[in-house]
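**Q** Structure: work19.txt, compact mmCIF, N, CA and C atoms.
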```
# COMPACT_ATOMS: atom_id res chain seq x y z
N MET J 1 -72.99 70.00 -48.06
CA MET J 1 -71.86 69.65 -47.23
C MET J 1 -72.18 69.86 -45.75
N GLU J 2 -73.01 70.86 -45.48
CA GLU J 2 -73.40 71.08 -44.09
C GLU J 2 -74.18 69.89 -43.53
N MET J 3 -74.97 69.24 -44.37
CA MET J 3 -75.68 68.03 -43.93
C MET J 3 -74.70 66.91 -43.63
N ALA J 4 -73.67 66.79 -44.43
CA ALA J 4 -72.63 65.79 -44.17
C ALA J 4 -71.94 66.08 -42.84
N LEU J 5 -71.69 67.35 -42.56
CA LEU J 5 -71.10 67.72 -41.26
C LEU J 5 -72.02 67.37 -40.10
N ARG J 6 -73.32 67.54 -40.29
CA ARG J 6 -74.27 67.15 -39.23
C ARG J 6 -74.22 65.63 -39.01
N GLU J 7 -74.09 64.89 -40.09
CA GLU J 7 -73.95 63.43 -39.97
C GLU J 7 -72.65 63.10 -39.22
N ALA J 8 -71.57 63.80 -39.53
CA ALA J 8 -70.30 63.57 -38.84
C ALA J 8 -70.43 63.87 -37.35
N GLN J 9 -71.17 64.91 -37.01
CA GLN J 9 -71.39 65.23 -35.60
C GLN J 9 -72.15 64.10 -34.90
N MET J 10 -73.10 63.48 -35.61
CA MET J 10 -73.82 62.34 -35.04
C MET J 10 -72.86 61.20 -34.74
N ALA J 11 -71.93 60.94 -35.67
CA ALA J 11 -70.93 59.90 -35.44
C ALA J 11 -70.10 60.24 -34.20
N TYR J 12 -69.66 61.48 -34.11
CA TYR J 12 -68.89 61.95 -32.96
C TYR J 12 -69.66 61.69 -31.66
N ASP J 13 -70.93 62.08 -31.65
CA ASP J 13 -71.77 61.91 -30.46
C ASP J 13 -71.95 60.45 -30.08
N GLU J 14 -71.84 59.55 -31.07
CA GLU J 14 -71.98 58.11 -30.83
C GLU J 14 -70.64 57.43 -30.54
N GLY J 15 -69.56 58.21 -30.49
CA GLY J 15 -68.23 57.65 -30.22
C GLY J 15 -67.57 57.03 -31.44
N GLU J 16 -68.07 57.38 -32.61
CA GLU J 16 -67.50 56.89 -33.87
C GLU J 16 -66.59 57.96 -34.45
N VAL J 17 -65.63 57.55 -35.28
CA VAL J 17 -64.80 58.53 -35.99
C VAL J 17 -65.76 59.42 -36.78
N PRO J 18 -65.68 60.74 -36.57
CA PRO J 18 -66.70 61.64 -37.12
C PRO J 18 -66.55 61.93 -38.62
N VAL J 19 -67.11 61.03 -39.40
CA VAL J 19 -67.20 61.22 -40.84
C VAL J 19 -68.67 61.10 -41.20
N GLY J 20 -69.13 62.04 -42.03
CA GLY J 20 -70.51 62.03 -42.49
C GLY J 20 -70.56 62.14 -43.99
N ALA J 21 -71.65 61.62 -44.57
CA ALA J 21 -71.81 61.66 -46.02
C ALA J 21 -73.28 61.78 -46.39
N VAL J 22 -73.52 62.42 -47.52
CA VAL J 22 -74.87 62.47 -48.10
C VAL J 22 -74.74 62.30 -49.61
N VAL J 23 -75.79 61.72 -50.20
CA VAL J 23 -75.88 61.59 -51.65
C VAL J 23 -77.04 62.46 -52.10
N VAL J 24 -76.78 63.28 -53.12
CA VAL J 24 -77.78 64.23 -53.62
C VAL J 24 -78.04 63.96 -55.10
N LYS J 25 -79.31 63.96 -55.45
CA LYS J 25 -79.73 63.85 -56.86
C LYS J 25 -80.78 64.92 -57.11
N ASP J 26 -80.59 65.71 -58.14
CA ASP J 26 -81.54 66.77 -58.49
C ASP J 26 -81.83 67.68 -57.28
N ASN J 27 -80.78 68.07 -56.58
CA ASN J 27 -80.87 68.96 -55.42
C ASN J 27 -81.68 68.39 -54.26
N ARG J 28 -81.82 67.07 -54.21
CA ARG J 28 -82.57 66.41 -53.14
C ARG J 28 -81.68 65.34 -52.49
N VAL J 29 -81.61 65.34 -51.18
CA VAL J 29 -80.84 64.31 -50.48
C VAL J 29 -81.60 62.99 -50.59
N ILE J 30 -80.92 61.99 -51.16
CA ILE J 30 -81.54 60.68 -51.29
C ILE J 30 -80.84 59.62 -50.45
N GLY J 31 -79.72 59.98 -49.84
CA GLY J 31 -79.00 59.04 -48.97
C GLY J 31 -78.15 59.80 -47.99
N ARG J 32 -78.05 59.26 -46.80
CA ARG J 32 -77.20 59.89 -45.78
C ARG J 32 -76.63 58.80 -44.89
N GLY J 33 -75.50 59.13 -44.28
CA GLY J 33 -74.90 58.16 -43.37
C GLY J 33 -73.75 58.77 -42.60
N HIS J 34 -73.41 58.11 -41.52
CA HIS J 34 -72.22 58.48 -40.76
C HIS J 34 -71.54 57.20 -40.31
N ASN J 35 -70.28 57.31 -39.97
CA ASN J 35 -69.52 56.12 -39.59
C ASN J 35 -70.24 55.35 -38.49
N ARG J 36 -70.29 54.03 -38.66
CA ARG J 36 -70.93 53.17 -37.66
C ARG J 36 -70.12 51.88 -37.49
N THR J 37 -68.82 51.94 -37.78
CA THR J 37 -68.00 50.73 -37.72
C THR J 37 -67.96 50.13 -36.32
N GLU J 38 -67.88 50.96 -35.31
CA GLU J 38 -67.82 50.45 -33.93
C GLU J 38 -69.17 49.89 -33.49
N SER J 39 -70.23 50.63 -33.69
CA SER J 39 -71.55 50.19 -33.22
C SER J 39 -72.05 48.96 -33.97
N LEU J 40 -71.75 48.85 -35.26
CA LEU J 40 -72.18 47.69 -36.04
C LEU J 40 -71.14 46.57 -36.07
N LYS J 41 -69.95 46.86 -35.53
CA LYS J 41 -68.84 45.89 -35.57
C LYS J 41 -68.60 45.42 -37.00
N ASP J 42 -68.52 46.42 -37.90
CA ASP J 42 -68.44 46.15 -39.34
C ASP J 42 -67.45 47.13 -39.98
N ALA J 43 -66.36 46.61 -40.48
CA ALA J 43 -65.33 47.46 -41.10
C ALA J 43 -65.84 48.19 -42.34
N THR J 44 -66.91 47.72 -42.93
CA THR J 44 -67.45 48.37 -44.13
C THR J 44 -68.50 49.43 -43.82
N ALA J 45 -68.79 49.66 -42.57
CA ALA J 45 -69.86 50.61 -42.19
C ALA J 45 -69.34 52.05 -42.17
N HIS J 46 -68.73 52.45 -43.28
CA HIS J 46 -68.26 53.83 -43.42
C HIS J 46 -69.43 54.71 -43.84
N ALA J 47 -69.33 55.98 -43.55
CA ALA J 47 -70.38 56.94 -43.87
C ALA J 47 -70.78 56.89 -45.33
N GLU J 48 -69.79 56.85 -46.22
CA GLU J 48 -70.06 56.88 -47.65
C GLU J 48 -70.81 55.62 -48.10
N ILE J 49 -70.42 54.47 -47.58
CA ILE J 49 -71.07 53.20 -47.96
C ILE J 49 -72.52 53.22 -47.50
N ILE J 50 -72.75 53.68 -46.28
CA ILE J 50 -74.11 53.75 -45.76
C ILE J 50 -74.95 54.72 -46.59
N ALA J 51 -74.38 55.86 -46.96
CA ALA J 51 -75.11 56.85 -47.77
C ALA J 51 -75.40 56.30 -49.17
N ILE J 52 -74.45 55.62 -49.77
CA ILE J 52 -74.65 55.04 -51.10
C ILE J 52 -75.73 53.96 -51.06
N THR J 53 -75.68 53.10 -50.07
CA THR J 53 -76.69 52.05 -49.92
C THR J 53 -78.07 52.64 -49.72
N SER J 54 -78.15 53.66 -48.90
CA SER J 54 -79.42 54.34 -48.64
C SER J 54 -79.96 54.98 -49.92
N ALA J 55 -79.10 55.64 -50.68
CA ALA J 55 -79.52 56.30 -51.92
C ALA J 55 -80.02 55.27 -52.93
N ALA J 56 -79.31 54.16 -53.07
CA ALA J 56 -79.73 53.12 -54.01
C ALA J 56 -81.10 52.57 -53.62
N SER J 57 -81.34 52.43 -52.34
CA SER J 57 -82.64 51.95 -51.85
C SER J 57 -83.75 52.94 -52.19
N VAL J 58 -83.47 54.23 -52.02
CA VAL J 58 -84.48 55.26 -52.28
C VAL J 58 -84.87 55.31 -53.76
N ILE J 59 -83.88 55.23 -54.66
CA ILE J 59 -84.22 55.33 -56.08
C ILE J 59 -84.51 53.97 -56.71
N GLY J 60 -84.23 52.90 -55.98
CA GLY J 60 -84.53 51.56 -56.50
C GLY J 60 -83.58 51.09 -57.58
N ASP J 61 -82.34 51.56 -57.54
CA ASP J 61 -81.35 51.17 -58.55
C ASP J 61 -79.96 51.37 -57.96
N TRP J 62 -79.05 50.48 -58.29
CA TRP J 62 -77.68 50.62 -57.80
C TRP J 62 -76.91 51.68 -58.57
N ARG J 63 -77.40 52.05 -59.72
CA ARG J 63 -76.73 53.06 -60.54
C ARG J 63 -77.13 54.45 -60.04
N LEU J 64 -76.16 55.16 -59.51
CA LEU J 64 -76.41 56.50 -58.97
C LEU J 64 -75.88 57.58 -59.91
N GLU J 65 -76.19 57.41 -61.19
CA GLU J 65 -75.76 58.38 -62.19
C GLU J 65 -76.38 59.73 -61.87
N ASP J 66 -75.68 60.77 -62.19
CA ASP J 66 -76.12 62.15 -61.93
C ASP J 66 -76.26 62.46 -60.45
N CYS J 67 -75.62 61.68 -59.61
CA CYS J 67 -75.65 61.93 -58.16
C CYS J 67 -74.32 62.50 -57.70
N ILE J 68 -74.39 63.26 -56.61
CA ILE J 68 -73.19 63.83 -55.98
C ILE J 68 -73.07 63.22 -54.60
N LEU J 69 -71.87 62.72 -54.28
CA LEU J 69 -71.57 62.22 -52.94
C LEU J 69 -70.78 63.30 -52.22
N TYR J 70 -71.32 63.77 -51.10
CA TYR J 70 -70.63 64.73 -50.24
C TYR J 70 -70.10 63.97 -49.04
N SER J 71 -68.83 64.14 -48.72
CA SER J 71 -68.23 63.49 -47.56
C SER J 71 -67.32 64.48 -46.84
N THR J 72 -67.32 64.42 -45.53
CA THR J 72 -66.52 65.38 -44.78
C THR J 72 -65.03 65.12 -44.93
N ILE J 73 -64.66 63.86 -45.17
CA ILE J 73 -63.26 63.48 -45.31
C ILE J 73 -63.09 62.74 -46.64
N GLU J 74 -61.95 62.86 -47.24
CA GLU J 74 -61.63 62.18 -48.49
C GLU J 74 -61.93 60.69 -48.37
N PRO J 75 -62.73 60.14 -49.27
CA PRO J 75 -63.06 58.72 -49.21
C PRO J 75 -61.84 57.82 -49.32
N CYS J 76 -61.91 56.68 -48.61
CA CYS J 76 -60.86 55.67 -48.65
C CYS J 76 -61.00 54.85 -49.93
N ALA J 77 -60.13 53.85 -50.12
CA ALA J 77 -60.16 53.02 -51.32
C ALA J 77 -61.49 52.28 -51.46
N MET J 78 -62.02 51.76 -50.36
CA MET J 78 -63.29 51.04 -50.41
C MET J 78 -64.42 51.96 -50.85
N CYS J 79 -64.49 53.14 -50.25
CA CYS J 79 -65.58 54.08 -50.54
C CYS J 79 -65.43 54.70 -51.92
N ALA J 80 -64.21 54.99 -52.33
CA ALA J 80 -63.98 55.50 -53.68
C ALA J 80 -64.34 54.44 -54.71
N GLY J 81 -63.99 53.19 -54.44
CA GLY J 81 -64.34 52.09 -55.33
C GLY J 81 -65.84 51.90 -55.43
N ALA J 82 -66.53 51.96 -54.30
CA ALA J 82 -67.99 51.84 -54.31
C ALA J 82 -68.62 52.98 -55.09
N SER J 83 -68.04 54.16 -55.02
CA SER J 83 -68.54 55.31 -55.76
C SER J 83 -68.41 55.09 -57.26
N VAL J 84 -67.27 54.54 -57.68
CA VAL J 84 -67.06 54.24 -59.10
C VAL J 84 -68.07 53.18 -59.54
N LEU J 85 -68.19 52.11 -58.76
CA LEU J 85 -69.10 51.02 -59.13
C LEU J 85 -70.55 51.47 -59.19
N SER J 86 -70.92 52.43 -58.35
CA SER J 86 -72.31 52.90 -58.34
C SER J 86 -72.54 54.04 -59.33
N ARG J 87 -71.49 54.43 -60.05
CA ARG J 87 -71.59 55.45 -61.10
C ARG J 87 -71.90 56.86 -60.58
N ILE J 88 -71.45 57.14 -59.36
CA ILE J 88 -71.57 58.51 -58.82
C ILE J 88 -70.92 59.46 -59.83
N ALA J 89 -71.53 60.62 -60.04
CA ALA J 89 -70.98 61.59 -61.01
C ALA J 89 -69.88 62.45 -60.40
N THR J 90 -70.07 62.87 -59.14
CA THR J 90 -69.14 63.80 -58.51
C THR J 90 -68.97 63.43 -57.04
N ILE J 91 -67.74 63.53 -56.56
CA ILE J 91 -67.46 63.42 -55.13
C ILE J 91 -66.97 64.77 -54.66
N VAL J 92 -67.61 65.30 -53.63
CA VAL J 92 -67.22 66.55 -52.99
C VAL J 92 -66.82 66.20 -51.58
N PHE J 93 -65.61 66.58 -51.17
CA PHE J 93 -65.22 66.28 -49.79
C PHE J 93 -64.53 67.47 -49.14
N GLY J 94 -64.51 67.41 -47.82
CA GLY J 94 -63.92 68.49 -47.03
C GLY J 94 -62.41 68.40 -46.96
N ALA J 95 -61.92 67.52 -46.11
CA ALA J 95 -60.48 67.45 -45.83
C ALA J 95 -59.84 66.22 -46.46
N ARG J 96 -58.61 66.39 -46.88
CA ARG J 96 -57.82 65.27 -47.40
C ARG J 96 -57.46 64.33 -46.25
N ASP J 97 -57.22 63.07 -46.60
CA ASP J 97 -56.82 62.06 -45.63
C ASP J 97 -55.50 61.46 -46.07
N ALA J 98 -54.41 61.92 -45.46
CA ALA J 98 -53.07 61.50 -45.86
C ALA J 98 -52.79 60.03 -45.58
N ARG J 99 -53.57 59.42 -44.70
CA ARG J 99 -53.34 58.01 -44.35
C ARG J 99 -54.15 57.03 -45.19
N PHE J 100 -55.39 57.41 -45.55
CA PHE J 100 -56.26 56.47 -46.25
C PHE J 100 -56.92 57.03 -47.51
N GLY J 101 -56.72 58.28 -47.81
CA GLY J 101 -57.43 58.94 -48.91
C GLY J 101 -57.16 58.33 -50.28
N ALA J 102 -58.24 58.06 -50.99
CA ALA J 102 -58.12 57.43 -52.31
C ALA J 102 -58.74 58.28 -53.42
N CYS J 103 -58.80 59.59 -53.16
CA CYS J 103 -59.29 60.54 -54.18
C CYS J 103 -58.22 61.58 -54.45
N GLY J 104 -56.97 61.13 -54.44
CA GLY J 104 -55.85 62.01 -54.75
C GLY J 104 -54.71 61.97 -53.76
N SER J 105 -54.96 61.61 -52.51
CA SER J 105 -53.88 61.64 -51.52
C SER J 105 -52.93 60.45 -51.65
N ILE J 106 -53.44 59.24 -51.56
CA ILE J 106 -52.61 58.03 -51.71
C ILE J 106 -52.84 57.42 -53.09
N PHE J 107 -54.10 57.22 -53.40
CA PHE J 107 -54.53 56.71 -54.70
C PHE J 107 -55.47 57.75 -55.30
N ASN J 108 -55.84 57.53 -56.55
CA ASN J 108 -56.85 58.39 -57.17
C ASN J 108 -57.82 57.50 -57.96
N ILE J 109 -58.51 56.65 -57.24
CA ILE J 109 -59.40 55.66 -57.83
C ILE J 109 -60.49 56.29 -58.71
N PRO J 110 -61.11 57.39 -58.30
CA PRO J 110 -62.21 57.93 -59.12
C PRO J 110 -61.83 58.39 -60.53
N VAL J 111 -60.57 58.65 -60.78
CA VAL J 111 -60.17 59.09 -62.12
C VAL J 111 -59.24 58.08 -62.81
N GLU J 112 -59.14 56.88 -62.25
CA GLU J 112 -58.29 55.84 -62.83
C GLU J 112 -58.77 55.49 -64.24
N LYS J 113 -57.89 55.66 -65.23
CA LYS J 113 -58.24 55.44 -66.63
C LYS J 113 -58.54 53.97 -66.96
N LYS J 114 -58.04 53.05 -66.15
CA LYS J 114 -58.27 51.63 -66.41
C LYS J 114 -59.69 51.20 -66.01
N LEU J 115 -60.38 52.03 -65.27
CA LEU J 115 -61.74 51.71 -64.86
C LEU J 115 -62.74 52.24 -65.89
N ASN J 116 -63.94 51.69 -65.87
CA ASN J 116 -64.94 52.05 -66.89
C ASN J 116 -65.72 53.32 -66.56
N HIS J 117 -65.52 53.90 -65.39
CA HIS J 117 -66.26 55.11 -65.01
C HIS J 117 -65.30 56.02 -64.26
N ARG J 118 -65.38 57.30 -64.52
CA ARG J 118 -64.58 58.29 -63.81
C ARG J 118 -65.48 59.30 -63.16
N ILE J 119 -64.99 59.84 -62.06
CA ILE J 119 -65.78 60.73 -61.22
C ILE J 119 -65.06 62.07 -61.09
N GLU J 120 -65.82 63.14 -61.18
CA GLU J 120 -65.27 64.47 -60.93
C GLU J 120 -65.03 64.59 -59.42
N ILE J 121 -63.90 65.18 -59.04
CA ILE J 121 -63.55 65.36 -57.63
C ILE J 121 -63.47 66.85 -57.31
N VAL J 122 -64.12 67.24 -56.22
CA VAL J 122 -64.03 68.61 -55.70
C VAL J 122 -63.62 68.48 -54.24
N SER J 123 -62.53 69.12 -53.86
CA SER J 123 -62.05 68.99 -52.48
C SER J 123 -61.96 70.35 -51.79
N GLY J 124 -61.85 70.31 -50.47
CA GLY J 124 -61.64 71.52 -49.69
C GLY J 124 -62.90 72.27 -49.29
N ILE J 125 -64.07 71.68 -49.48
CA ILE J 125 -65.32 72.33 -49.12
C ILE J 125 -65.58 72.11 -47.62
N LEU J 126 -65.68 73.19 -46.87
CA LEU J 126 -65.81 73.14 -45.40
C LEU J 126 -64.69 72.30 -44.78
N GLU J 127 -63.51 72.48 -45.35
CA GLU J 127 -62.34 71.71 -44.93
C GLU J 127 -62.00 71.92 -43.46
N GLN J 128 -61.94 73.17 -43.03
CA GLN J 128 -61.55 73.46 -41.64
C GLN J 128 -62.54 72.88 -40.64
N GLU J 129 -63.82 72.99 -40.94
CA GLU J 129 -64.85 72.44 -40.05
C GLU J 129 -64.73 70.92 -39.95
N SER J 130 -64.46 70.28 -41.08
CA SER J 130 -64.30 68.83 -41.11
C SER J 130 -63.07 68.40 -40.32
N LEU J 131 -61.96 69.12 -40.52
CA LEU J 131 -60.73 68.81 -39.79
C LEU J 131 -60.88 69.04 -38.29
N GLU J 132 -61.54 70.11 -37.92
CA GLU J 132 -61.72 70.42 -36.50
C GLU J 132 -62.48 69.32 -35.77
N LEU J 133 -63.50 68.78 -36.40
CA LEU J 133 -64.28 67.71 -35.78
C LEU J 133 -63.43 66.46 -35.58
N ILE J 134 -62.64 66.12 -36.57
CA ILE J 134 -61.74 64.96 -36.47
C ILE J 134 -60.69 65.19 -35.39
N ARG J 135 -60.06 66.36 -35.40
CA ARG J 135 -59.04 66.67 -34.39
C ARG J 135 -59.60 66.59 -32.98
N ARG J 136 -60.77 67.19 -32.79
CA ARG J 136 -61.40 67.18 -31.47
C ARG J 136 -61.70 65.75 -31.01
N PHE J 137 -62.19 64.93 -31.93
CA PHE J 137 -62.51 63.54 -31.60
C PHE J 137 -61.27 62.80 -31.10
N PHE J 138 -60.16 62.92 -31.84
CA PHE J 138 -58.96 62.19 -31.44
C PHE J 138 -58.30 62.80 -30.20
N GLN J 139 -58.43 64.09 -29.98
CA GLN J 139 -57.95 64.70 -28.73
C GLN J 139 -58.75 64.15 -27.55
N ASP J 140 -60.06 64.10 -27.70
CA ASP J 140 -60.91 63.54 -26.64
C ASP J 140 -60.57 62.08 -26.38
N LEU J 141 -60.32 61.34 -27.44
CA LEU J 141 -59.98 59.92 -27.31
C LEU J 141 -58.67 59.76 -26.54
N ARG J 142 -57.66 60.57 -26.88
CA ARG J 142 -56.37 60.50 -26.17
C ARG J 142 -56.53 60.90 -24.70
N ARG J 143 -57.32 61.93 -24.44
CA ARG J 143 -57.55 62.37 -23.05
C ARG J 143 -58.21 61.26 -22.24
N GLY J 144 -59.16 60.59 -22.85
CA GLY J 144 -59.85 59.48 -22.20
C GLY J 144 -58.91 58.36 -21.85
N LYS J 145 -58.00 58.05 -22.75
CA LYS J 145 -57.02 56.99 -22.51
C LYS J 145 -56.05 57.39 -21.40
N GLU J 146 -55.66 58.68 -21.39
CA GLU J 146 -54.75 59.16 -20.36
C GLU J 146 -55.39 59.04 -18.98
N LYS J 147 -56.67 59.38 -18.89
CA LYS J 147 -57.39 59.29 -17.61
C LYS J 147 -57.53 57.84 -17.15
N ALA J 148 -57.67 56.91 -18.11
CA ALA J 148 -57.84 55.50 -17.78
C ALA J 148 -56.55 54.89 -17.25
N ASN J 149 -55.41 55.47 -17.63
CA ASN J 149 -54.11 54.92 -17.20
C ASN J 149 -53.76 55.50 -15.90
```
Please go through the file and, once you have read it, give me the structure as structure tokens.
**A**
Amino acid sequence: MEMALREAQMAYDEGEVPVGAVVVKDNRVIGRGHNRTESLKDATAHAEIIAITSAASVIGDWRLEDCILYSTIEPCAMCAGASVLSRIATIVFGARDARFGACGSIFNIPVEKKLNHRIEIVSGILEQESLELIRRFFQDLRRGKEKAN
């Protein structure tokens, strides 16, 4: 989770919403990513999607069975869906996302019984650190807008 936080800090430093993610298999990081939606001008460039894509490339298969996805913030519907489709075994995240969270907050895609794969969810890991980075980012963003006006 600390690696995911480092990825989130990279996003923050690049002016992106500070979310970071890593994929781990057999105690080895095989994928990592941080939000890049602004820099890539791509709504799908979320940290989790980048980490999943990277992990699939490393192992040479889209099936990420026995892998753990660590994310600083609760994955959204797109990222939770990609996790199910890629057969991630476990999602571990820091802070809940009351606006977009799809691992229990708004939806609970990873445990949906109608889907062919279910994912174990662990939440609250380094929650305060994850929240603090997000809060600081949006405070800085608001301050910047106030100065511009």
**Q** Please build the interface table for stretch 34-116 of chain J against stretch 120-141 of chain J with a cut-off of 6.5 Å, listing for each qualifying residue the nearest atom pair and the distance in Å to one decimal; count only N, CA and C atoms, order rows by chain and increasing number, and write it as a tab-separated table.
**A**
```
residue	atom	partner	partner_atom	distance
J:Thr72	C	J:Ser130	CA	5.4
J:Ile73	N	J:Ser130	CA	6.4
J:Ile88	C	J:Glu120	N	6.4
J:Ala89	C	J:Glu120	N	4.2
J:Thr90	CA	J:Glu120	C	4.3
J:Ile91	N	J:Glu120	C	4.1
J:Val92	CA	J:Val122	C	4.3
J:Phe93	N	J:Val122	C	4.1
J:Gly94	C	J:Glu127	CA	3.9
J:Ala95	N	J:Glu127	CA	4.4
J:Arg96	N	J:Gly124	N	6.2
J:Pro110	C	J:Glu120	N	6.2
```
**Q** From a DSSP calculation on the backbone, collect every residue of chain J in alpha helix (DSSP H) and output the set as a PyMOL selection string.
**A** chain J and resi 2-13+37-40+47-59+77-85+127-148
**Q** How many Å lie between atom N of J:Val17 and atom CA of J:Val111, rounded to one decimal?
**A**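 Between these atoms lies a distance of 27.4 Å.
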**Q** Mind checking which residues fall within 6 Å of stretch 78-81 of chain J, counting all atoms listed in the file, ignoring those fewer than 6 positions away in the same chain, and posting them as a list in words?
**A** Glu48, Ile49, Ala102, Ile109 and Pro110 of chain J
**Q** Run DSSP on the backbone of this structure and report the residues of stretch 15-113 of chain J it assigns to strand (DSSP E), as a list in words.
**A**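 Reading the DSSP output for stretch 15-113 of chain J, strand (DSSP E) covers Gly20, Ala21, Val22, Val23, Val24, Lys25, Arg28, Val29, Ile30, Gly31, Arg32, Gly33, His34, Cys67, Ile68, Leu69, Tyr70, Ser71, Thr72, Ile73, Thr90, Ile91, Val92, Phe93, Gly94 and Ala95 of chain J.
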**Q** Atoms to include: N, CA and C atoms. Write the selected residues as a CSV table (one decimal), in the coordinates of the input.
**A**
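selection_9.csv written:
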```
chain,number,residue,atom,x,y,z
J,20,GLY,N,-69.1,62.0,-42.0
J,20,GLY,CA,-70.5,62.0,-42.5
J,20,GLY,C,-70.6,62.1,-44.0
J,21,ALA,N,-71.6,61.6,-44.6
J,21,ALA,CA,-71.8,61.7,-46.0
J,21,ALA,C,-73.3,61.8,-46.4
J,22,VAL,N,-73.5,62.4,-47.5
J,22,VAL,CA,-74.9,62.5,-48.1
J,22,VAL,C,-74.7,62.3,-49.6
J,23,VAL,N,-75.8,61.7,-50.2
J,23,VAL,CA,-75.9,61.6,-51.6
J,23,VAL,C,-77.0,62.5,-52.1
J,24,VAL,N,-76.8,63.3,-53.1
J,24,VAL,CA,-77.8,64.2,-53.6
J,24,VAL,C,-78.0,64.0,-55.1
J,25,LYS,N,-79.3,64.0,-55.4
J,25,LYS,CA,-79.7,63.8,-56.9
J,25,LYS,C,-80.8,64.9,-57.1
J,28,ARG,N,-81.8,67.1,-54.2
J,28,ARG,CA,-82.6,66.4,-53.1
J,28,ARG,C,-81.7,65.3,-52.5
J,29,VAL,N,-81.6,65.3,-51.2
J,29,VAL,CA,-80.8,64.3,-50.5
J,29,VAL,C,-81.6,63.0,-50.6
J,30,ILE,N,-80.9,62.0,-51.2
J,30,ILE,CA,-81.5,60.7,-51.3
J,30,ILE,C,-80.8,59.6,-50.4
J,31,GLY,N,-79.7,60.0,-49.8
J,31,GLY,CA,-79.0,59.0,-49.0
J,31,GLY,C,-78.2,59.8,-48.0
J,32,ARG,N,-78.0,59.3,-46.8
J,32,ARG,CA,-77.2,59.9,-45.8
J,32,ARG,C,-76.6,58.8,-44.9
J,33,GLY,N,-75.5,59.1,-44.3
J,33,GLY,CA,-74.9,58.2,-43.4
J,33,GLY,C,-73.8,58.8,-42.6
J,34,HIS,N,-73.4,58.1,-41.5
J,34,HIS,CA,-72.2,58.5,-40.8
J,34,HIS,C,-71.5,57.2,-40.3
J,67,CYS,N,-75.6,61.7,-59.6
J,67,CYS,CA,-75.6,61.9,-58.2
J,67,CYS,C,-74.3,62.5,-57.7
J,68,ILE,N,-74.4,63.3,-56.6
J,68,ILE,CA,-73.2,63.8,-56.0
J,68,ILE,C,-73.1,63.2,-54.6
J,69,LEU,N,-71.9,62.7,-54.3
J,69,LEU,CA,-71.6,62.2,-52.9
J,69,LEU,C,-70.8,63.3,-52.2
J,70,TYR,N,-71.3,63.8,-51.1
J,70,TYR,CA,-70.6,64.7,-50.2
J,70,TYR,C,-70.1,64.0,-49.0
J,71,SER,N,-68.8,64.1,-48.7
J,71,SER,CA,-68.2,63.5,-47.6
J,71,SER,C,-67.3,64.5,-46.8
J,72,THR,N,-67.3,64.4,-45.5
J,72,THR,CA,-66.5,65.4,-44.8
J,72,THR,C,-65.0,65.1,-44.9
J,73,ILE,N,-64.7,63.9,-45.2
J,73,ILE,CA,-63.3,63.5,-45.3
J,73,ILE,C,-63.1,62.7,-46.6
J,90,THR,N,-70.1,62.9,-59.1
J,90,THR,CA,-69.1,63.8,-58.5
J,90,THR,C,-69.0,63.4,-57.0
J,91,ILE,N,-67.7,63.5,-56.6
J,91,ILE,CA,-67.5,63.4,-55.1
J,91,ILE,C,-67.0,64.8,-54.7
J,92,VAL,N,-67.6,65.3,-53.6
J,92,VAL,CA,-67.2,66.6,-53.0
J,92,VAL,C,-66.8,66.2,-51.6
J,93,PHE,N,-65.6,66.6,-51.2
J,93,PHE,CA,-65.2,66.3,-49.8
J,93,PHE,C,-64.5,67.5,-49.1
J,94,GLY,N,-64.5,67.4,-47.8
J,94,GLY,CA,-63.9,68.5,-47.0
J,94,GLY,C,-62.4,68.4,-47.0
J,95,ALA,N,-61.9,67.5,-46.1
J,95,ALA,CA,-60.5,67.4,-45.8
J,95,ALA,C,-59.8,66.2,-46.5
```
**Q** Which residues are near J:Pro18? Cut-off 7 Å, only C-alpha atoms, ignore same chain within fewer than 6 positions. Put them as a ChimeraX atom specification.
**A** /J:8-9,11-12,35,133-134
**Q** What does the distance between atom CA of J:Leu115 and atom CA of J:Ser71 come to in Å, to one decimal place?
**A**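 So the answer is 21.9 Å.
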**Q** Considering only C-alpha atoms, can you say which of J:Arg87, J:Ala82, J:Cys76, J:Arg63 comes closest to J:Ser105?
**A**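 Checking each candidate against J:Ser105, we get J:Cys76 as the closest.
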**Q** Would you please work out which residue, of J:Gly31, J:Val24, J:Asn108, J:Tyr70, is nearest to J:Ala4 when using all atoms listed in the file?
**A**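 Comparing J:Gly31, J:Val24, J:Asn108, J:Tyr70 against J:Ala4, the winner is J:Tyr70.
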**Q** Might you pull out every residue within 6.5 Å of J:His46, with all atoms listed in the file counted and same-chain residues fewer than 2 positions away left off, and present them as a short mmCIF file (atom, residue, chain, number, x, y, z; two decimals) with N, CA and C atoms, in the frame of the given file?
**A**
```
data_model
loop_
_atom_site.label_atom_id
_atom_site.label_comp_id
_atom_site.auth_asym_id
_atom_site.auth_seq_id
_atom_site.Cartn_x
_atom_site.Cartn_y
_atom_site.Cartn_z
N GLY J 33 -75.50 59.13 -44.28
CA GLY J 33 -74.90 58.16 -43.37
C GLY J 33 -73.75 58.77 -42.60
N HIS J 34 -73.41 58.11 -41.52
CA HIS J 34 -72.22 58.48 -40.76
C HIS J 34 -71.54 57.20 -40.31
N ASN J 35 -70.28 57.31 -39.97
CA ASN J 35 -69.52 56.12 -39.59
C ASN J 35 -70.24 55.35 -38.49
N ARG J 36 -70.29 54.03 -38.66
CA ARG J 36 -70.93 53.17 -37.66
C ARG J 36 -70.12 51.88 -37.49
N THR J 37 -68.82 51.94 -37.78
CA THR J 37 -68.00 50.73 -37.72
C THR J 37 -67.96 50.13 -36.32
N ASP J 42 -68.52 46.42 -37.90
CA ASP J 42 -68.44 46.15 -39.34
C ASP J 42 -67.45 47.13 -39.98
N ALA J 43 -66.36 46.61 -40.48
CA ALA J 43 -65.33 47.46 -41.10
C ALA J 43 -65.84 48.19 -42.34
N THR J 44 -66.91 47.72 -42.93
CA THR J 44 -67.45 48.37 -44.13
C THR J 44 -68.50 49.43 -43.82
N GLU J 48 -69.79 56.85 -46.22
CA GLU J 48 -70.06 56.88 -47.65
C GLU J 48 -70.81 55.62 -48.10
N ILE J 49 -70.42 54.47 -47.58
CA ILE J 49 -71.07 53.20 -47.96
C ILE J 49 -72.52 53.22 -47.50
N ILE J 50 -72.75 53.68 -46.28
CA ILE J 50 -74.11 53.75 -45.76
C ILE J 50 -74.95 54.72 -46.59
N ALA J 51 -74.38 55.86 -46.96
CA ALA J 51 -75.11 56.85 -47.77
C ALA J 51 -75.40 56.30 -49.17
#
```
